[in-house]
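data.json follows (JSON, C-alpha atoms and all ligand atoms):
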[["chain", "number", "residue", "atom", "x", "y", "z"],
["A", 495, "MET", "CA", -7.92, -22.85, -7.30],
["A", 496, "LYS", "CA", -4.72, -20.90, -6.72],
["A", 497, "VAL", "CA", -4.39, -18.00, -9.10],
["A", 498, "ASN", "CA", -1.45, -17.75, -11.47],
["A", 499, "ALA", "CA", -0.42, -15.55, -14.39],
["A", 500, "VAL", "CA", -2.24, -17.87, -16.80],
["A", 501, "ASN", "CA", -5.61, -18.29, -15.10],
["A", 502, "LEU", "CA", -5.91, -14.68, -13.86],
["A", 503, "THR", "CA", -9.04, -13.04, -15.29],
["A", 504, "GLU", "CA", -8.35, -11.27, -18.59],
["A", 505, "THR", "CA", -10.92, -8.55, -17.91],
["A", 506, "GLU", "CA", -9.20, -5.22, -17.40],
["A", 507, "TYR", "CA", -10.62, -2.41, -15.27],
["A", 508, "VAL", "CA", -7.58, -0.15, -15.62],
["A", 509, "LEU", "CA", -7.85, 0.77, -19.29],
["A", 510, "PRO", "CA", -4.91, 1.30, -21.66],
["A", 511, "GLY", "CA", -3.50, 4.79, -21.38],
["A", 512, "ASN", "CA", -3.41, 6.78, -18.17],
["A", 513, "ARG", "CA", -1.51, 9.72, -16.72],
["A", 514, "THR", "CA", 0.79, 7.93, -14.27],
["A", 515, "CYS", "CA", 4.57, 7.83, -14.73],
["A", 516, "PRO", "CA", 6.27, 4.97, -16.62],
["A", 517, "GLY", "CA", 6.97, 2.01, -14.34],
["A", 518, "CYS", "CA", 4.25, 3.06, -11.86],
["A", 519, "ALA", "CA", 3.87, 0.46, -9.13],
["A", 520, "LEU", "CA", 0.49, 1.84, -8.12],
["A", 521, "THR", "CA", -0.91, 1.13, -11.59],
["A", 522, "LEU", "CA", 0.29, -2.46, -11.45],
["A", 523, "ALA", "CA", -1.16, -2.97, -7.97],
["A", 524, "TYR", "CA", -4.45, -1.26, -8.79],
["A", 525, "ARG", "CA", -4.89, -3.37, -11.92],
["A", 526, "HIS", "CA", -4.73, -6.55, -9.82],
["A", 527, "ILE", "CA", -6.87, -5.11, -7.02],
["A", 528, "LEU", "CA", -9.72, -4.31, -9.41],
["A", 529, "LYS", "CA", -9.40, -7.72, -11.07],
["A", 530, "ALA", "CA", -9.66, -9.36, -7.65],
["A", 531, "LEU", "CA", -12.88, -7.42, -6.99],
["A", 532, "ASP", "CA", -14.31, -8.41, -10.43],
["A", 533, "GLY", "CA", -15.07, -4.74, -11.05],
["A", 534, "GLN", "CA", -17.99, -5.00, -8.56],
["A", 535, "VAL", "CA", -16.76, -2.02, -6.61],
["A", 536, "ILE", "CA", -17.17, 1.67, -5.83],
["A", 537, "VAL", "CA", -13.84, 3.31, -5.09],
["A", 538, "THR", "CA", -13.38, 6.36, -2.92],
["A", 539, "VAL", "CA", -10.08, 8.19, -3.38],
["A", 540, "PRO", "CA", -8.53, 11.31, -1.84],
["A", 541, "ALA", "CA", -6.10, 13.54, -3.74],
["A", 542, "SER", "CA", -3.12, 11.39, -4.72],
["A", 543, "CYS", "CA", -1.37, 9.67, -7.63],
["A", 544, "LEU", "CA", -4.49, 7.49, -7.81],
["A", 545, "THR", "CA", -6.59, 10.53, -8.74],
["A", 546, "VAL", "CA", -4.01, 11.22, -11.43],
["A", 547, "LEU", "CA", -4.40, 7.64, -12.67],
["A", 548, "HIS", "CA", -8.20, 7.96, -12.68],
["A", 549, "GLY", "CA", -7.97, 11.06, -14.87],
["A", 550, "MET", "CA", -9.82, 14.33, -15.07],
["A", 551, "TYR", "CA", -13.60, 14.39, -15.43],
["A", 552, "PRO", "CA", -15.20, 13.70, -17.89],
["A", 553, "ILE", "CA", -12.36, 11.44, -19.05],
["A", 554, "THR", "CA", -11.26, 8.43, -17.00],
["A", 555, "SER", "CA", -8.82, 5.54, -17.41],
["A", 556, "VAL", "CA", -10.76, 3.24, -15.12],
["A", 557, "ASN", "CA", -14.10, 1.57, -15.78],
["A", 558, "VAL", "CA", -15.37, 1.41, -12.21],
["A", 559, "PRO", "CA", -17.28, 4.18, -10.39],
["A", 560, "CYS", "CA", -15.17, 6.47, -8.25],
["A", 561, "VAL", "CA", -15.84, 9.18, -5.70],
["A", 562, "ASN", "CA", -13.15, 11.83, -5.22],
["A", 563, "THR", "CA", -13.14, 12.72, -1.56],
["A", 564, "PRO", "CA", -11.30, 15.44, 0.43],
["A", 565, "PHE", "CA", -7.95, 14.36, 1.78],
["A", 566, "ALA", "CA", -8.94, 13.79, 5.39],
["A", 567, "SER", "CA", -12.27, 12.09, 4.70],
["A", 568, "THR", "CA", -11.62, 8.76, 3.00],
["A", 569, "GLY", "CA", -12.83, 6.66, 5.97],
["A", 570, "ALA", "CA", -15.94, 8.85, 6.31],
["A", 571, "SER", "CA", -16.63, 8.75, 2.59],
["A", 572, "ALA", "CA", -16.41, 4.94, 2.57],
["A", 573, "THR", "CA", -18.75, 4.83, 5.57],
["A", 574, "GLY", "CA", -21.33, 6.88, 3.65],
["A", 575, "LEU", "CA", -21.03, 4.70, 0.55],
["A", 576, "VAL", "CA", -21.56, 1.55, 2.63],
["A", 577, "ALA", "CA", -24.68, 3.07, 4.21],
["A", 578, "GLY", "CA", -26.02, 4.10, 0.80],
["A", 579, "LEU", "CA", -25.48, 0.65, -0.69],
["A", 580, "ARG", "CA", -27.08, -0.99, 2.33],
["A", 581, "ALA", "CA", -30.11, 1.29, 2.04],
["A", 582, "THR", "CA", -30.52, 0.44, -1.64],
["A", 583, "GLY", "CA", -29.93, -3.30, -1.16],
["A", 584, "ARG", "CA", -26.80, -3.43, -3.38],
["A", 585, "LYS", "CA", -25.07, -6.24, -1.46],
["A", 586, "GLU", "CA", -22.89, -7.35, -4.39],
["A", 587, "ILE", "CA", -20.87, -4.12, -4.47],
["A", 588, "THR", "CA", -17.69, -3.78, -2.39],
["A", 589, "VAL", "CA", -16.67, -0.35, -1.16],
["A", 590, "LEU", "CA", -12.96, 0.20, -1.64],
["A", 591, "ALA", "CA", -11.28, 3.15, 0.02],
["A", 592, "MET", "CA", -7.85, 3.63, -1.48],
["A", 593, "ALA", "CA", -5.31, 6.26, -0.52],
["A", 594, "GLY", "CA", -1.59, 6.97, -0.51],
["A", 595, "ASP", "CA", 0.59, 6.98, 2.59],
["A", 596, "GLY", "CA", 0.17, 10.75, 3.03],
["A", 597, "GLY", "CA", -3.59, 10.27, 2.87],
["A", 598, "THR", "CA", -3.45, 7.34, 5.29],
["A", 599, "HIS", "CA", -0.57, 7.55, 7.79],
["A", 600, "ASP", "CA", -0.95, 11.31, 8.19],
["A", 601, "ILE", "CA", -3.93, 13.21, 6.89],
["A", 602, "GLY", "CA", -6.66, 10.54, 6.72],
["A", 603, "ILE", "CA", -5.82, 8.60, 9.87],
["A", 604, "GLN", "CA", -8.58, 10.15, 11.99],
["A", 605, "SER", "CA", -11.49, 9.24, 9.72],
["A", 606, "LEU", "CA", -9.94, 5.83, 9.00],
["A", 607, "SER", "CA", -9.48, 5.11, 12.70],
["A", 608, "GLY", "CA", -13.05, 6.19, 13.45],
["A", 609, "ALA", "CA", -14.48, 3.98, 10.72],
["A", 610, "ALA", "CA", -12.31, 1.02, 11.77],
["A", 611, "GLU", "CA", -13.37, 1.39, 15.39],
["A", 612, "ARG", "CA", -17.00, 1.27, 14.22],
["A", 613, "GLN", "CA", -16.11, -1.79, 12.10],
["A", 614, "GLU", "CA", -17.59, -0.23, 8.97],
["A", 615, "ASP", "CA", -17.90, -2.73, 6.17],
["A", 616, "PHE", "CA", -15.30, -1.75, 3.56],
["A", 617, "ILE", "CA", -11.82, -2.58, 2.31],
["A", 618, "TYR", "CA", -9.21, 0.11, 2.86],
["A", 619, "ILE", "CA", -6.03, -0.12, 0.81],
["A", 620, "CYS", "CA", -3.08, 2.13, 1.46],
["A", 621, "TYR", "CA", -0.59, 2.12, -1.41],
["A", 622, "ASP", "CA", 2.63, 3.31, 0.05],
["A", 623, "ASN", "CA", 5.15, 5.14, -2.12],
["A", 624, "GLU", "CA", 6.73, 6.56, 1.03],
["A", 625, "GLY", "CA", 6.00, 10.22, 0.39],
["A", 626, "TYR", "CA", 3.58, 12.80, -0.95],
["A", 627, "MET", "CA", 4.52, 11.94, -4.50],
["A", 628, "ASN", "CA", 1.96, 13.55, -6.74],
["A", 629, "THR", "CA", 2.83, 16.97, -5.29],
["A", 630, "GLY", "CA", 6.55, 16.45, -5.90],
["A", 631, "ASN", "CA", 7.85, 14.16, -3.14],
["A", 632, "GLN", "CA", 7.43, 15.63, 0.31],
["A", 633, "ARG", "CA", 8.22, 13.60, 3.43],
["A", 634, "SER", "CA", 5.35, 11.57, 4.96],
["A", 635, "GLY", "CA", 4.94, 9.51, 8.12],
["A", 636, "SER", "CA", 5.93, 6.55, 5.99],
["A", 637, "THR", "CA", 9.17, 7.91, 4.51],
["A", 638, "PRO", "CA", 12.10, 5.76, 5.69],
["A", 639, "LEU", "CA", 15.08, 6.90, 7.69],
["A", 640, "GLY", "CA", 17.78, 8.53, 5.55],
["A", 641, "ALA", "CA", 15.58, 9.20, 2.49],
["A", 642, "ILE", "CA", 15.97, 12.52, 0.74],
["A", 643, "THR", "CA", 12.66, 14.20, -0.12],
["A", 644, "GLY", "CA", 11.64, 17.74, -1.04],
["A", 645, "THR", "CA", 11.22, 18.52, 2.66],
["A", 646, "THR", "CA", 14.23, 16.53, 3.92],
["A", 647, "PRO", "CA", 16.52, 17.74, 1.15],
["A", 648, "ILE", "CA", 20.11, 17.13, 2.21],
["A", 649, "LEU", "CA", 20.55, 14.75, 5.10],
["A", 650, "GLY", "CA", 17.35, 12.81, 4.54],
["A", 651, "LYS", "CA", 14.63, 11.94, 7.03],
["A", 652, "ARG", "CA", 15.78, 11.49, 10.63],
["A", 653, "GLN", "CA", 13.03, 9.14, 11.82],
["A", 654, "ASN", "CA", 11.82, 5.62, 11.12],
["A", 655, "PRO", "CA", 8.37, 5.30, 9.50],
["A", 656, "LYS", "CA", 5.11, 4.67, 11.32],
["A", 657, "ASP", "CA", 3.95, 1.07, 11.18],
["A", 658, "ILE", "CA", 0.46, 1.68, 9.80],
["A", 659, "ALA", "CA", -0.47, -2.02, 9.64],
["A", 660, "ALA", "CA", 0.32, -2.36, 13.36],
["A", 661, "ILE", "CA", -1.76, 0.74, 14.10],
["A", 662, "MET", "CA", -4.66, -0.77, 12.21],
["A", 663, "GLU", "CA", -4.17, -4.08, 13.98],
["A", 664, "ALA", "CA", -4.75, -2.26, 17.25],
["A", 665, "HIS", "CA", -8.31, -1.68, 15.98],
["A", 666, "CYS", "CA", -8.95, -5.45, 16.18],
["A", 667, "LEU", "CA", -9.87, -5.76, 12.52],
["A", 668, "PRO", "CA", -10.93, -9.11, 11.07],
["A", 669, "TYR", "CA", -8.34, -8.93, 8.28],
["A", 670, "ILE", "CA", -5.08, -7.04, 7.87],
["A", 671, "ALA", "CA", -2.46, -7.75, 5.24],
["A", 672, "THR", "CA", 0.73, -6.28, 3.89],
["A", 673, "SER", "CA", 1.67, -6.70, 0.25],
["A", 674, "ASN", "CA", 3.83, -5.33, -2.51],
["A", 675, "SER", "CA", 3.25, -4.43, -6.15],
["A", 676, "SER", "CA", 6.15, -6.69, -7.16],
["A", 677, "TYR", "CA", 4.13, -9.69, -5.93],
["A", 678, "PRO", "CA", 0.81, -9.02, -7.70],
["A", 679, "LEU", "CA", -0.59, -12.52, -7.25],
["A", 680, "ASP", "CA", -0.02, -12.37, -3.48],
["A", 681, "LEU", "CA", -1.86, -9.04, -3.52],
["A", 682, "TYR", "CA", -4.64, -10.49, -5.68],
["A", 683, "GLU", "CA", -5.16, -13.42, -3.27],
["A", 684, "LYS", "CA", -5.29, -11.06, -0.30],
["A", 685, "VAL", "CA", -7.89, -8.80, -1.90],
["A", 686, "ARG", "CA", -9.95, -11.88, -2.87],
["A", 687, "LYS", "CA", -9.84, -13.06, 0.71],
["A", 688, "ALA", "CA", -10.67, -9.60, 2.09],
["A", 689, "LYS", "CA", -13.68, -9.39, -0.26],
["A", 690, "GLU", "CA", -15.34, -12.34, 1.49],
["A", 691, "ILE", "CA", -14.89, -10.94, 5.02],
["A", 692, "LYS", "CA", -17.25, -8.48, 6.76],
["A", 693, "GLY", "CA", -16.10, -5.42, 8.68],
["A", 694, "THR", "CA", -13.15, -3.11, 8.05],
["A", 695, "ARG", "CA", -10.37, -4.84, 6.19],
["A", 696, "PHE", "CA", -7.01, -3.14, 5.78],
["A", 697, "ILE", "CA", -4.31, -3.91, 3.20],
["A", 698, "HIS", "CA", -0.99, -2.11, 2.95],
["A", 699, "VAL", "CA", 0.67, -2.19, -0.48],
["A", 700, "PHE", "CA", 4.32, -1.24, -0.81],
["A", 701, "ALA", "CA", 4.60, 0.67, -4.11],
["A", 702, "PRO", "CA", 8.04, 1.87, -5.28],
["A", 703, "CYS", "CA", 8.09, 5.24, -7.07],
["A", 704, "ALA", "CA", 10.80, 5.54, -9.75],
["A", 705, "PRO", "CA", 10.92, 9.36, -10.11],
["A", 706, "GLY", "CA", 10.57, 10.05, -6.38],
["A", 707, "TRP", "CA", 13.02, 7.39, -5.18],
["A", 708, "GLN", "CA", 15.36, 8.01, -8.11],
["A", 709, "PHE", "CA", 15.82, 4.64, -9.72],
["A", 710, "PRO", "CA", 15.39, 3.70, -13.43],
["A", 711, "TYR", "CA", 11.76, 3.26, -14.51],
["A", 712, "SER", "CA", 12.51, -0.29, -15.60],
["A", 713, "ASP", "CA", 13.56, -1.32, -12.05],
["A", 714, "THR", "CA", 10.23, -0.96, -10.23],
["A", 715, "ILE", "CA", 9.73, -4.70, -9.85],
["A", 716, "LYS", "CA", 13.34, -5.32, -8.78],
["A", 717, "ILE", "CA", 13.21, -2.58, -6.13],
["A", 718, "GLY", "CA", 10.00, -4.02, -4.69],
["A", 719, "GLN", "CA", 11.56, -7.48, -4.59],
["A", 720, "LEU", "CA", 14.73, -6.19, -2.94],
["A", 721, "ALA", "CA", 12.65, -4.51, -0.23],
["A", 722, "VAL", "CA", 11.26, -7.94, 0.65],
["A", 723, "GLU", "CA", 14.55, -9.78, 0.24],
["A", 724, "THR", "CA", 16.25, -7.39, 2.67],
["A", 725, "GLY", "CA", 13.37, -7.62, 5.18],
["A", 726, "LEU", "CA", 12.51, -3.93, 4.95],
["A", 727, "VAL", "CA", 9.08, -5.01, 3.76],
["A", 728, "VAL", "CA", 7.51, -8.13, 5.20],
["A", 729, "LEU", "CA", 4.54, -9.82, 3.52],
["A", 730, "TYR", "CA", 2.00, -11.14, 5.99],
["A", 731, "GLU", "CA", -1.65, -11.38, 6.87],
["A", 732, "VAL", "CA", -3.49, -11.34, 10.16],
["A", 733, "GLU", "CA", -6.85, -13.07, 10.01],
["A", 734, "ASN", "CA", -8.88, -12.83, 13.21],
["A", 735, "GLY", "CA", -5.65, -12.35, 15.15],
["A", 736, "ILE", "CA", -3.79, -15.27, 13.50],
["A", 737, "PHE", "CA", -0.53, -14.03, 11.98],
["A", 738, "ARG", "CA", 0.95, -15.73, 8.90],
["A", 739, "LEU", "CA", 3.91, -14.80, 6.75],
["A", 740, "THR", "CA", 3.06, -15.13, 3.05],
["A", 741, "SER", "CA", 4.68, -15.51, -0.35],
["A", 742, "ALA", "CA", 8.35, -14.47, -0.57],
["A", 743, "SER", "CA", 8.55, -13.55, 3.14],
["A", 744, "GLU", "CA", 7.42, -17.03, 4.12],
["A", 745, "SER", "CA", 10.11, -18.56, 1.86],
["A", 746, "LEU", "CA", 12.76, -16.21, 3.27],
["A", 747, "ALA", "CA", 11.81, -17.15, 6.81],
["A", 748, "ARG", "CA", 12.29, -20.82, 5.94],
["A", 749, "LYS", "CA", 15.67, -20.17, 4.28],
["A", 750, "GLY", "CA", 16.71, -17.62, 6.90],
["A", 751, "ASN", "CA", 18.93, -15.47, 4.74],
["A", 752, "LEU", "CA", 17.96, -11.83, 4.33],
["A", 753, "LYS", "CA", 20.12, -9.63, 2.11],
["A", 754, "PRO", "CA", 21.78, -6.61, 3.76],
["A", 755, "VAL", "CA", 19.69, -3.40, 3.56],
["A", 756, "ARG", "CA", 22.73, -1.67, 2.06],
["A", 757, "GLU", "CA", 21.99, -3.47, -1.24],
["A", 758, "TYR", "CA", 18.54, -1.93, -1.42],
["A", 759, "LEU", "CA", 19.72, 1.56, -0.43],
["A", 760, "ALA", "CA", 22.50, 1.63, -3.01],
["A", 761, "LYS", "CA", 20.02, 1.28, -5.88],
["A", 762, "GLN", "CA", 18.14, 4.51, -5.08],
["A", 763, "GLY", "CA", 19.25, 8.13, -5.46],
["A", 764, "ARG", "CA", 17.13, 9.17, -2.46],
["A", 765, "PHE", "CA", 19.64, 7.42, -0.16],
["A", 766, "LYS", "CA", 22.74, 8.94, -1.77],
["A", 767, "ASN", "CA", 23.59, 10.97, 1.34],
["A", 768, "ILE", "CA", 22.73, 8.34, 3.95],
["A", 769, "ALA", "CA", 25.34, 8.14, 6.70],
["A", 770, "GLU", "CA", 27.02, 4.86, 7.76],
["A", 771, "GLU", "CA", 25.47, 5.30, 11.18],
["A", 772, "GLN", "CA", 21.99, 5.53, 9.65],
["A", 773, "ILE", "CA", 22.61, 2.37, 7.59],
["A", 774, "SER", "CA", 23.48, 0.49, 10.81],
["A", 775, "GLN", "CA", 20.42, 1.98, 12.48],
["A", 776, "LEU", "CA", 18.23, 0.79, 9.60],
["A", 777, "GLN", "CA", 19.80, -2.67, 9.63],
["A", 778, "ASP", "CA", 19.19, -3.00, 13.40],
["A", 779, "TRP", "CA", 15.61, -1.85, 12.91],
["A", 780, "VAL", "CA", 15.05, -4.50, 10.22],
["A", 781, "ASN", "CA", 16.71, -7.27, 12.29],
["A", 782, "THR", "CA", 14.62, -6.54, 15.37],
["A", 783, "ARG", "CA", 11.36, -6.41, 13.43],
["A", 784, "TRP", "CA", 12.19, -9.54, 11.46],
["A", 785, "GLU", "CA", 12.76, -11.50, 14.70],
["A", 786, "CYS", "CA", 9.37, -10.30, 15.98],
["A", 787, "TYR", "CA", 7.61, -11.41, 12.79],
["A", 788, "ILE", "CA", 9.28, -14.82, 12.92],
["A", 789, "ASP", "CA", 8.25, -15.24, 16.56],
["A", 790, "ARG", "CA", 4.66, -14.32, 15.75],
["A", 791, "ALA", "CA", 4.23, -16.39, 12.58],
["A", 792, "THR", "CA", 2.05, -19.45, 13.04],
["A", 793, "ASN", "CA", 2.70, -21.06, 9.66],
["A", 794, "PHE", "CA", 6.17, -22.56, 9.88],
["B", 801, "LIG", "C1", -6.40, 19.26, 2.36],
["B", 801, "LIG", "C2", -5.40, 19.13, 1.25],
["B", 801, "LIG", "N1", -4.11, 19.40, 1.50],
["B", 801, "LIG", "C3", -3.19, 19.28, 0.51],
["B", 801, "LIG", "C4", -3.58, 18.91, -0.74],
["B", 801, "LIG", "C5", -2.54, 18.83, -1.85],
["B", 801, "LIG", "N2", -2.22, 17.45, -2.19],
["B", 801, "LIG", "C6", -2.84, 16.80, -3.18],
["B", 801, "LIG", "S1", -2.25, 15.27, -3.41],
["B", 801, "LIG", "C7", -1.11, 15.45, -2.18],
["B", 801, "LIG", "C8", -0.13, 14.37, -1.86],
["B", 801, "LIG", "C9", -0.76, 13.04, -1.58],
["B", 801, "LIG", "O1", 0.19, 12.17, -1.04],
["B", 801, "LIG", "P1", -0.14, 10.67, -0.78],
["B", 801, "LIG", "O2", -1.41, 10.54, -0.03],
["B", 801, "LIG", "O3", 1.04, 10.02, -0.19],
["B", 801, "LIG", "O4", -0.41, 10.09, -2.23],
["B", 801, "LIG", "P2", 0.59, 10.07, -3.50],
["B", 801, "LIG", "O5", 0.56, 11.43, -4.10],
["B", 801, "LIG", "O6", 1.95, 9.71, -3.01],
["B", 801, "LIG", "O7", 0.00, 9.07, -4.40],
["B", 801, "LIG", "C10", -1.22, 16.72, -1.60],
["B", 801, "LIG", "C11", -0.38, 17.22, -0.51],
["B", 801, "LIG", "C12", -4.94, 18.64, -0.97],
["B", 801, "LIG", "N3", -5.39, 18.24, -2.16],
["B", 801, "LIG", "N4", -5.84, 18.76, 0.03]]
Please express the file's structure as structure tokens.
Amino acid sequence: MKVNAVNLTETEYVLPGNRTCPGCALTLAYRHILKALDGQVIVTVPASCLTVLHGMYPITSVNVPCVNTPFASTGASATGLVAGLRATGRKEITVLAMAGDGGTHDIGIQSLSGAAERQEDFIYICYDNEGYMNTGNQRSGSTPLGAITGTTPILGKRQNPKDIAAIMEAHCLPYIATSNSSYPLDLYEKVRKAKEIKGTRFIHVFAPCAPGWQFPYSDTIKIGQLAVETGLVVLYEVENGIFRLTSASESLARKGNLKPVREYLAKQGRFKNIAEEQISQLQDWVNTRWECYIDRATNF
């Protein structure tokens, strides 16, 4: 049965009251991720906004077990948890490694790559708020071109972001998906699917950050939707090498009308100094990638 807002499980694993900012996309995504895993999970988390959400020992906002791991070690920590569960015969528990883009694209990529190459049996979710947000918004390998951060303060970042899902695809994983906190049911379905697959499964979750990106707290959902509607974020899954567009990206591909990236940029203070030339550069980048995704998609 396809999940919808009415038949989604009512059990909550993210409890009321936590230390994230208002309008936090990560909280929304995490809530649906834990629902999709029925709470049968051990989470391993490096320093990030997710550790802030979890809270400070002995108080926590989440009723699933969690290991706090050093920044670079998430893939190794998940590997150890999998081995421990295997040794104790706890087959019903999923190991979830979950880290931000700083902890994934940059600092944790070595241990993640090693674990993925070994095909360790866990789900890795990178929630991507496009910067080192919990330490005050420094540039990461995922920050987009033209975005102002604490370490790219005036002219914004000069480079395009790394494509982490493509990097993970190069590890020949059985399941890779991209998703977005503004499409929680698409995310839920993807985590459900990943749960049933063996080996390293990787899901990228686009997660807008109101204070860091400088938009009103109430616009988190809209910003996430605009990212998809402009083609800056594309929702897809790759199952055993078969590429499918999903959800809103599939509909957009059928209709064939992306909005201009300018619309998305104009809604965020972090792009206030972006040059016209950079806007054209970003638009070209989106157009080229979109064509590639359409060419690859097997489902329309
Ligand atoms: C080895 C190490 N270096 C730096 C830090 C400081 N630190 C803690 S969280 C963080 C930012 C994490 O960024 P990201 O992974 O993108 O997650 P987010 O905060 O955006 O959720 C940094 C730099 C640390 N805890 N450990």
Which protein, DNA or RNA residues have an atom at most 9 Å from (0.3, -0.6, 9.9), counting only C-alpha atoms? List them as a PyMOL selection string.
chain A and resi 599+656-663+670-672+696-698
May I have the residues from that selection written out with C-alpha atoms, as a PDB file, keeping the file's coordinate frame?
ATOM      1  CA  HIS A 599      -0.570   7.550   7.790  1.00  0.00           C
ATOM      2  CA  LYS A 656       5.110   4.670  11.320  1.00  0.00           C
ATOM      3  CA  ASP A 657       3.950   1.070  11.180  1.00  0.00           C
ATOM      4  CA  ILE A 658       0.460   1.680   9.800  1.00  0.00           C
ATOM      5  CA  ALA A 659      -0.470  -2.020   9.640  1.00  0.00           C
ATOM      6  CA  ALA A 660       0.320  -2.360  13.360  1.00  0.00           C
ATOM      7  CA  ILE A 661      -1.760   0.740  14.100  1.00  0.00           C
ATOM      8  CA  MET A 662      -4.660  -0.770  12.210  1.00  0.00           C
ATOM      9  CA  GLU A 663      -4.170  -4.080  13.980  1.00  0.00           C
ATOM     10  CA  ILE A 670      -5.080  -7.040   7.870  1.00  0.00           C
ATOM     11  CA  ALA A 671      -2.460  -7.750   5.240  1.00  0.00           C
ATOM     12  CA  THR A 672       0.730  -6.280   3.890  1.00  0.00           C
ATOM     13  CA  PHE A 696      -7.010  -3.140   5.780  1.00  0.00           C
ATOM     14  CA  ILE A 697      -4.310  -3.910   3.200  1.00  0.00           C
ATOM     15  CA  HIS A 698      -0.990  -2.110   2.950  1.00  0.00           C
TER      16      HIS A 698
END
Please check which residues have atoms at most 9 Å from (-1.8, 7.7, -2.1) in the file's coordinates, counting all atoms listed in the file, and write them as a list in words.
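With a cut-off of 9 Å, the residues come to Leu520, Val539, Pro540, Ala541, Ser542, Cys543, Leu544, Thr545, Met592, Ala593, Gly594, Asp595, Gly596, Gly597, Thr598, Cys620, Tyr621, Asp622, Asn623, Gly625, Tyr626, Met627 and Asn628 of chain A.
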Write the selection just made, keeping C-alpha atoms, as a PDB file, in the frame of the given file?
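And here's result_4.pdb as it stands now:
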ATOM      1  CA  LEU A 520       0.490   1.840  -8.120  1.00  0.00           C
ATOM      2  CA  VAL A 539     -10.080   8.190  -3.380  1.00  0.00           C
ATOM      3  CA  PRO A 540      -8.530  11.310  -1.840  1.00  0.00           C
ATOM      4  CA  ALA A 541      -6.100  13.540  -3.740  1.00  0.00           C
ATOM      5  CA  SER A 542      -3.120  11.390  -4.720  1.00  0.00           C
ATOM      6  CA  CYS A 543      -1.370   9.670  -7.630  1.00  0.00           C
ATOM      7  CA  LEU A 544      -4.490   7.490  -7.810  1.00  0.00           C
ATOM      8  CA  THR A 545      -6.590  10.530  -8.740  1.00  0.00           C
ATOM      9  CA  MET A 592      -7.850   3.630  -1.480  1.00  0.00           C
ATOM     10  CA  ALA A 593      -5.310   6.260  -0.520  1.00  0.00           C
ATOM     11  CA  GLY A 594      -1.590   6.970  -0.510  1.00  0.00           C
ATOM     12  CA  ASP A 595       0.590   6.980   2.590  1.00  0.00           C
ATOM     13  CA  GLY A 596       0.170  10.750   3.030  1.00  0.00           C
ATOM     14  CA  GLY A 597      -3.590  10.270   2.870  1.00  0.00           C
ATOM     15  CA  THR A 598      -3.450   7.340   5.290  1.00  0.00           C
ATOM     16  CA  CYS A 620      -3.080   2.130   1.460  1.00  0.00           C
ATOM     17  CA  TYR A 621      -0.590   2.120  -1.410  1.00  0.00           C
ATOM     18  CA  ASP A 622       2.630   3.310   0.050  1.00  0.00           C
ATOM     19  CA  ASN A 623       5.150   5.140  -2.120  1.00  0.00           C
ATOM     20  CA  GLY A 625       6.000  10.220   0.390  1.00  0.00           C
ATOM     21  CA  TYR A 626       3.580  12.800  -0.950  1.00  0.00           C
ATOM     22  CA  MET A 627       4.520  11.940  -4.500  1.00  0.00           C
ATOM     23  CA  ASN A 628       1.960  13.550  -6.740  1.00  0.00           C
TER      24      ASN A 628
END
Could you please determine the separation between CA of Gln613 in chain A and CA of Thr694 in chain A in Å, to one decimal place?
5.2 Å
Excluding Asn631 in chain A and its own-chain neighbours fewer than 2 positions away, which residues fall within 10 Å of it when counting only C-alpha atoms? Please give them as a PyMOL selection string.
chain A and resi 623-629+633-634+637+642-646+703+705-707
Can you work out which one of A:Gly569, A:Gly517, A:Pro638, A:Pro668 has the shortest atom-to-atom distance to Leu606 in chain A, counting all atoms listed in the file?
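Closest to Leu606 in chain A, using all atoms listed in the file: A:Gly569.
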Mind giving me the axis-aligned box for range 742-753 of chain A with 4 Å on every side, centre plus edges in Å to one decimal, as AutoDock Vina command-line options?
--center_x 13.8 --center_y -15.2 --center_z 3.2 --size_x 20.7 --size_y 19.2 --size_z 15.5
Using all atoms listed in the file, find the one residue out of A:Tyr677, A:Phe765, A:Tyr551, A:Trp784 that sits nearest to Asn751 in chain A.
A:Trp784
With all atoms listed in the file as the basis for distance, which of A:Asn674, A:Ser745, A:Asn562, A:Thr538 is at the shortest distance from Ile715 in chain A?
A:Asn674
Excluding Lys761 in chain A and its own-chain neighbours fewer than 6 positions away, which residues fall within 9 Å of it when counting all atoms listed in the file? Please give them as a PDB file with C-alpha atoms, in the frame of the given file.
ATOM      1  CA  GLN A 708      15.360   8.010  -8.110  1.00  0.00           C
ATOM      2  CA  PHE A 709      15.820   4.640  -9.720  1.00  0.00           C
ATOM      3  CA  ILE A 717      13.210  -2.580  -6.130  1.00  0.00           C
TER       4      ILE A 717
END
Pick from A:Glu586, A:Glu506, A:Glu690, A:Glu731, whichever lies nearest to Arg790 in chain A using only C-alpha atoms
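Among the listed residues, A:Glu731 lies closest to Arg790 in chain A.
The two atoms in question, CA of Val727 in chain A and CA of Lys651 in chain A, are spaced 18.1 Å apart.
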For Arg513 in chain A, find every residue with an atom within 7 Å (counting all atoms listed in the file), except residues of its own chain fewer than 4 positions away, and show them as a VMD selection string.
chain A and resid 546 to 547 549
For range 736-740 of chain A, work out the shell of residues within 8 Å, counting all atoms listed in the file and skipping chain neighbours fewer than 3 positions away, then give it as a list in words.
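Near neighbours after the sequence-gap exclusion: Asp680, Val728, Leu729, Tyr730, Glu731, Val732, Glu733, Ser743, Glu744, Ser745, Tyr787, Arg790, Ala791, Thr792 and Asn793 of chain A.
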Near-Gly725 in chain A list (10 Å; only C-alpha atoms; drop same-chain fewer than 6 positions) as an MDAnalysis selection string
chainID A and resid 719 743 746:747 751:755 777 779:781 783:784
